[in-house]
Amino acid sequence: MNTATIRSKFLDFFGRQHHVVKNSFSILPQDDPTLLFISAGMAPFKPYFLGLKTDIKRAATCQKCFRTTDIDNVGYTFRHHTFFEMLGNFSFGDYFKKEAIAWAWEFITKDLGLPKDRLHVSVHHSDDEAYQIWNRDMGVPADHLVKLGDKDNFWTIGVGPSGPCSEIYIDQGPALGCGDPKCAPGCDCARYLEFWNLVFTQYNRAEDGTLTPLEKKNIDTGMGLERLAAIMQGKTDNYDNDVFQGIVRHVEEITHRRYNDSTQIRTAMRVVGDHVRALSVALADGAMPGNEGRGYVLRKILRRAARFGYRYLGQEKPFLYQIVPTISRILDVYPEIQQNLDHVSRVIHGEEERFLVTLKTGSEILTDFIGRLRKDGKAELDGGRAFLLHDTYGFPLDLTREICREEKMTVDEKGFATELEKQREREIGRASCRERV
Ligand code: SER
């Protein structure tokens with residue numbers, strides 16, 4: 001089953017349960033200073049959860065999301081992404097646990113046909129009600145149900161609506177497991193893959209962590225579409241699903257490299273595919289690369305993708321911009337990418353072009369530093385050299401860190417911070433001298 005079919009099956013299913021099916025909101029938060037990007041399907045609905053808006057009681061979306069927490073892992077793992085699509089159904093003071101659990105179970109076991117014997121569920125350890133609904137009403141046996149603590153089963157977006165949750169997992173088989181006989185959902189290994197989170201949103205969380213009960217109880221569910229597509233296509237790697245393979249085929253054509261030729265090429269193509277997808281969506285929604293906040297995150301991923309292309313895919317000239325039309329075709333459910341195609345491609349091309357000059361010089365200098373340090377038997381790049389790269393050559397610390405990681409070296413980040421501080425003090429000194437003059 002391809003990604004587009006899963007997406008529409010989900011929305012049709014919840015449409016039949018009288019949800020208002022909405023298009024994805026922009027990936028850029030509107031009137032929400034607590035977020036750089038929309039990072040969950042529920043985020044645009046915060047006013048509904050808080051009871052500030054009441055015109056709808058049920059909604060379902062496939063929401064464009066961006067998470068900034070794991071950028072440095074993207075490419076190295078099967079599951080990390082910056083941009084992803086989240087399927088979600090929401091109740092604003094309307095239905096609660098019983099219906100949310102029953103519909104989730106019906107959708108995955110009937111509409112998607114996932115085998116019950118491979119499904120497992122976790123609930124918050126204090127939530128007997130959810131446990132009973134799964135066990136007694138849905139017939140999930142006790143050996144497929146686990147109770148976990150706040151770390152796994154309490155969901156919060158930082159500030160705003162939050163609550164205990166129940167997660168659905170698929171057993172990917174012992175070959176992906178850690179071998180521990182006690183291995184179960186919640187274990188850090190890859191065997192049990194969580195793919196749907198049902199949050200029983202009943203609190204408002206303040207900045208200091210205080211939880212205030214909401215007047216009405218709500219439902220917020222979230223299911224990663226990339227993950228679900230991989231499951232439905234019998235893959236254990238999200239990047240093997242139809243969407244990513246479509247992007248990868250085009251990257252192969254442009255770069256004349258094969259995805260499966262080496263681990264490094266695979267990693268590089270995942271980075272390129274993920275990051276250009278994220279950039280296409282964010283730029284089409286009106287964001288721009290820059291030096292701060294959201295703009296900095298976009299600049300960072302663009303540079304990261306360009307660097308992987310340069311180093312492992314032999315791309316010394318701008319090439320990321322060429323992938324945008326393919327992404328717009330594959331993600332045609334978001335027509336804004338096609339509508340802004342020229343703008344998005346032009347911005348990416350311009351950034352790439354400027355960065356490649358910095359990248360070439362900085363990489364050569366860093367390679368030279370690493371060679372010398374190795375000769376001296378050292379495995380750490382000192383803060384002074386990392387700072388020189390940053391300050392004189394505009395070569396960002398995160399790239400220095402990532403290249404060092406590939407070369408099995410560390411960076412003296414404390415030393416870097418000290419140098420940065422010294423420079424700030426010098427600048428303040430200069431500024432106050434100017435003022436005195
Ligand atoms: N808000 C929850 C999550 O992001 C469920 O939608 O996982």
# chains A, B, ... in the order shown; residues from 1 in each chain; ligands from 1
call {"tool": "residues_around", "arguments": {"residues": "region 213-219 of chain A", "least_positions_apart": "3", "cutoff": "10 Å", "atoms": "only C-alpha atoms", "output": "PyMOL selection string"}}
result
chain A and resi 42+48-51+57-58+88-97+99-100+161-163+165+198-205+210
call {"tool": "write_last_selection", "arguments": {"atoms": "C-alpha atoms", "output": "PDB file, in the first residue's frame"}}
result
ATOM      1  CA  MET A  42      -2.098  18.797  17.593  1.00  0.00           C
ATOM      2  CA  TYR A  48      -9.367  24.098  20.689  1.00  0.00           C
ATOM      3  CA  PHE A  49      -7.769  21.942  23.369  1.00  0.00           C
ATOM      4  CA  LEU A  50      -7.680  24.914  25.706  1.00  0.00           C
ATOM      5  CA  GLY A  51     -11.362  25.656  25.064  1.00  0.00           C
ATOM      6  CA  LYS A  57     -15.498  19.107  18.180  1.00  0.00           C
ATOM      7  CA  ARG A  58     -13.664  16.519  16.060  1.00  0.00           C
ATOM      8  CA  GLY A  88      -3.957  12.519  13.653  1.00  0.00           C
ATOM      9  CA  ASN A  89      -7.511  12.492  14.930  1.00  0.00           C
ATOM     10  CA  PHE A  90      -8.590  14.942  17.585  1.00  0.00           C
ATOM     11  CA  SER A  91     -11.462  15.355  19.987  1.00  0.00           C
ATOM     12  CA  PHE A  92     -12.045  18.690  21.671  1.00  0.00           C
ATOM     13  CA  GLY A  93     -14.128  17.909  24.728  1.00  0.00           C
ATOM     14  CA  ASP A  94     -16.105  15.343  22.735  1.00  0.00           C
ATOM     15  CA  TYR A  95     -15.205  11.630  22.656  1.00  0.00           C
ATOM     16  CA  PHE A  96     -12.507  10.217  24.925  1.00  0.00           C
ATOM     17  CA  LYS A  97     -10.498   7.037  25.556  1.00  0.00           C
ATOM     18  CA  GLU A  99     -13.811   5.699  21.175  1.00  0.00           C
ATOM     19  CA  ALA A 100     -10.211   6.747  20.450  1.00  0.00           C
ATOM     20  CA  PRO A 161      -2.102  20.620  26.269  1.00  0.00           C
ATOM     21  CA  SER A 162      -0.642  17.327  27.520  1.00  0.00           C
ATOM     22  CA  GLY A 163      -1.605  14.067  29.200  1.00  0.00           C
ATOM     23  CA  CYS A 165      -0.856   8.326  26.536  1.00  0.00           C
ATOM     24  CA  LEU A 198      -2.975   8.153  21.550  1.00  0.00           C
ATOM     25  CA  VAL A 199      -2.777  11.028  24.001  1.00  0.00           C
ATOM     26  CA  PHE A 200      -5.535  11.528  26.527  1.00  0.00           C
ATOM     27  CA  THR A 201      -5.126  15.263  26.740  1.00  0.00           C
ATOM     28  CA  GLN A 202      -6.455  16.388  30.069  1.00  0.00           C
ATOM     29  CA  TYR A 203      -3.903  18.931  31.376  1.00  0.00           C
ATOM     30  CA  ASN A 204      -2.443  22.259  30.424  1.00  0.00           C
ATOM     31  CA  ARG A 205       1.268  22.318  31.143  1.00  0.00           C
ATOM     32  CA  THR A 210       2.828  22.694  36.517  1.00  0.00           C
TER      33      THR A 210
END
call {"tool": "residues_near_ligand", "arguments": {"ligand": "ligand 1", "cutoff": "12 Å", "atoms": "only C-alpha atoms and all ligand atoms", "output": "PyMOL selection string"}}
result
chain A and resi 38-46+49+60-67+84-91+100+152-158+160-168+194-201+218-225
call {"tool": "residues_around", "arguments": {"residues": "region 243-260 of chain A", "least_positions_apart": "4", "cutoff": "9 Å", "atoms": "only C-alpha atoms", "output": "ChimeraX atom specification"}}
result
/A:2-3,226,229,238-239,265-270,272-274,277,309,313-315,319-320,322-323,326-327,330-331
call {"tool": "closest_residue", "arguments": {"among": "A:Ile108, A:Asp137, A:His80, A:Leu28", "to": "Leu283 (chain A)", "atoms": "only C-alpha atoms"}}
result
A:Leu28
call {"tool": "atom_distance", "arguments": {"atom1": "CA of Pro185 (chain A)", "atom2": "CA of Asp111 (chain A)"}}
result
23.6 Å
call {"tool": "closest_residue", "arguments": {"among": "A:Pro325, A:Gly186, A:Pro33, A:Gly75", "to": "Gly149 (chain A)", "atoms": "only C-alpha atoms"}}
result
A:Gly186
call {"tool": "residues_around", "arguments": {"residues": "Asp72 (chain A)", "least_positions_apart": "6", "cutoff": "10 Å", "atoms": "only C-alpha atoms", "output": "PyMOL selection string"}}
result
chain A and resi 80-82+271+301+304+398-399+401-402
call {"tool": "write_last_selection", "arguments": {"atoms": "C-alpha atoms", "output": "mmCIF file, in the first residue's frame"}}
result
data_model
loop_
_atom_site.group_PDB
_atom_site.id
_atom_site.type_symbol
_atom_site.label_atom_id
_atom_site.label_comp_id
_atom_site.auth_asym_id
_atom_site.auth_seq_id
_atom_site.Cartn_x
_atom_site.Cartn_y
_atom_site.Cartn_z
ATOM 1 C CA HIS A 80 15.091 9.968 12.210
ATOM 2 C CA HIS A 81 13.677 12.752 10.080
ATOM 3 C CA THR A 82 13.471 16.501 10.238
ATOM 4 C CA VAL A 271 20.469 13.211 4.504
ATOM 5 C CA ILE A 301 20.174 21.484 7.225
ATOM 6 C CA ARG A 304 24.516 19.679 6.040
ATOM 7 C CA ASP A 398 28.291 21.675 13.680
ATOM 8 C CA LEU A 399 30.012 20.712 10.425
ATOM 9 C CA ARG A 401 31.855 18.353 14.766
ATOM 10 C CA GLU A 402 30.240 16.061 12.201
#
call {"tool": "select_by_dssp", "arguments": {"residues": "region 119-209 of chain A", "states": "strand (DSSP E)", "output": "ChimeraX atom specification"}}
result
/A:119-124,145-148,154-155,160-171,192-205
call {"tool": "residues_around", "arguments": {"residues": "region 140-148 of chain A", "least_positions_apart": "3", "cutoff": "6 Å", "atoms": "only C-alpha atoms", "output": "list in words"}}
result
His120, Val121, Ser122, Val123, His124, His125, Trp134 and Asn135 of chain A
call {"tool": "atom_distance", "arguments": {"atom1": "CA of Arg191 (chain A)", "atom2": "CA of Asp127 (chain A)"}}
result
24.7 Å
call {"tool": "closest_residue", "arguments": {"among": "A:Ala379, A:Ala278, A:Ala417, A:Val357", "to": "Ile337 (chain A)", "atoms": "only C-alpha atoms"}}
result
A:Ala278
call {"tool": "atom_distance", "arguments": {"atom1": "CA of His343 (chain A)", "atom2": "CA of Gly286 (chain A)"}}
result
9.9 Å
call {"tool": "select_by_dssp", "arguments": {"residues": "region 82-324 of chain A", "states": "helix (DSSP H, G or I)", "output": "compact mmCIF listing (two decimals) with C-alpha atoms, in the first residue's frame"}}
result
# COMPACT_ATOMS: atom_id res chain seq x y z
CA LYS A 97 -10.50 7.04 25.56
CA LYS A 98 -13.08 4.42 24.66
CA GLU A 99 -13.81 5.70 21.18
CA ALA A 100 -10.21 6.75 20.45
CA ILE A 101 -8.92 3.27 21.29
CA ALA A 102 -11.72 1.44 19.46
CA TRP A 103 -11.25 3.48 16.27
CA ALA A 104 -7.48 3.17 16.32
CA TRP A 105 -7.78 -0.60 16.69
CA GLU A 106 -10.39 -0.85 13.96
CA PHE A 107 -8.35 1.26 11.56
CA ILE A 108 -5.12 -0.66 11.93
CA THR A 109 -6.55 -4.17 12.12
CA LYS A 110 -9.41 -3.85 9.61
CA ASP A 111 -8.67 -1.01 7.19
CA LYS A 116 -3.15 -8.59 15.69
CA ASP A 117 -0.53 -11.03 16.90
CA ARG A 118 2.24 -8.59 15.95
CA ASP A 128 -6.29 1.29 34.54
CA GLU A 129 -9.14 2.57 32.43
CA ALA A 130 -7.10 2.49 29.20
CA TYR A 131 -5.65 -0.90 30.18
CA GLN A 132 -9.12 -2.34 30.61
CA ILE A 133 -10.40 -0.94 27.33
CA TRP A 134 -7.51 -2.56 25.45
CA ASN A 135 -7.69 -5.80 27.35
CA ARG A 136 -11.39 -6.34 27.92
CA ASP A 137 -13.04 -4.47 25.04
CA ALA A 142 -2.09 -9.20 28.80
CA ASP A 143 1.19 -10.41 27.29
CA HIS A 144 0.78 -7.78 24.56
CA ASP A 150 6.05 9.14 32.38
CA LYS A 151 9.13 8.86 30.17
CA ASP A 152 7.29 6.72 27.62
CA ASN A 153 3.66 7.34 28.35
CA PRO A 174 13.53 -11.08 17.08
CA ALA A 175 16.17 -10.53 14.38
CA LEU A 176 15.98 -6.79 15.13
CA LEU A 225 3.20 8.42 8.07
CA GLU A 226 6.77 7.56 7.01
CA ARG A 227 6.92 4.85 9.64
CA LEU A 228 3.49 3.48 8.88
CA ALA A 229 4.26 3.40 5.14
CA ALA A 230 7.43 1.39 5.83
CA ILE A 231 5.45 -1.06 7.99
CA MET A 232 2.75 -1.44 5.32
CA ASN A 238 11.61 4.34 6.69
CA TYR A 239 13.93 5.38 3.87
CA ASP A 240 12.94 2.24 1.96
CA ASP A 242 7.89 4.55 -1.69
CA VAL A 243 8.27 8.29 -1.00
CA PHE A 244 11.95 8.18 -0.09
CA GLN A 245 12.84 5.66 -2.75
CA GLY A 246 11.24 8.01 -5.31
CA ILE A 247 13.51 10.81 -4.10
CA VAL A 248 16.56 8.56 -3.86
CA ARG A 249 16.14 7.39 -7.49
CA HIS A 250 16.38 11.01 -8.61
CA VAL A 251 19.42 11.68 -6.40
CA GLU A 252 21.05 8.60 -7.97
CA GLU A 253 20.37 9.99 -11.46
CA ILE A 254 21.84 13.38 -10.65
CA THR A 255 24.91 12.10 -8.83
CA TYR A 259 22.15 4.12 -3.08
CA ASN A 260 23.26 0.63 -2.10
CA ASP A 261 26.89 0.98 -3.06
CA THR A 263 26.94 2.84 3.89
CA GLN A 264 28.33 6.33 3.35
CA ILE A 265 26.41 6.81 0.11
CA ARG A 266 23.24 5.54 1.76
CA THR A 267 23.71 7.92 4.67
CA ALA A 268 24.41 10.83 2.32
CA MET A 269 21.34 10.13 0.18
CA ARG A 270 19.13 9.88 3.25
CA VAL A 271 20.47 13.21 4.50
CA VAL A 272 19.96 14.83 1.12
CA GLY A 273 16.46 13.34 0.67
CA ASP A 274 15.29 14.24 4.15
CA HIS A 275 16.74 17.74 4.25
CA VAL A 276 15.67 18.86 0.78
CA ARG A 277 12.17 17.54 1.50
CA ALA A 278 12.08 19.61 4.71
CA LEU A 279 13.46 22.69 2.95
CA SER A 280 10.97 22.40 0.09
CA VAL A 281 8.04 22.30 2.50
CA ALA A 282 9.32 25.03 4.83
CA LEU A 283 10.34 27.44 2.06
CA ALA A 284 7.06 26.86 0.20
CA GLY A 293 16.00 30.78 15.04
CA ARG A 294 14.01 29.04 12.36
CA GLY A 295 16.14 30.50 9.56
CA TYR A 296 19.26 29.13 11.17
CA VAL A 297 17.78 25.63 11.40
CA LEU A 298 17.00 25.74 7.69
CA ARG A 299 20.44 27.06 6.82
CA LYS A 300 21.98 24.35 8.97
CA ILE A 301 20.17 21.48 7.23
CA LEU A 302 20.83 22.95 3.80
CA ARG A 303 24.53 23.13 4.56
CA ARG A 304 24.52 19.68 6.04
CA ALA A 305 22.92 18.26 2.88
CA ALA A 306 25.35 20.17 0.66
CA ARG A 307 28.28 18.85 2.68
CA PHE A 308 27.16 15.23 2.42
CA GLY A 309 26.64 15.72 -1.32
CA TYR A 310 30.09 17.24 -1.68
CA ARG A 311 31.89 14.67 0.38
CA TYR A 312 30.18 11.40 -0.51
CA LEU A 320 20.11 20.08 -4.18
CA TYR A 321 17.83 22.53 -5.96
CA GLN A 322 17.37 20.02 -8.80
CA ILE A 323 15.57 17.61 -6.47
CA VAL A 324 12.79 20.06 -5.59
call {"tool": "closest_residue", "arguments": {"among": "A:Thr77, A:Thr358, A:Thr418, A:Gln423", "to": "Phe395 (chain A)", "atoms": "only C-alpha atoms"}}
result
A:Thr358
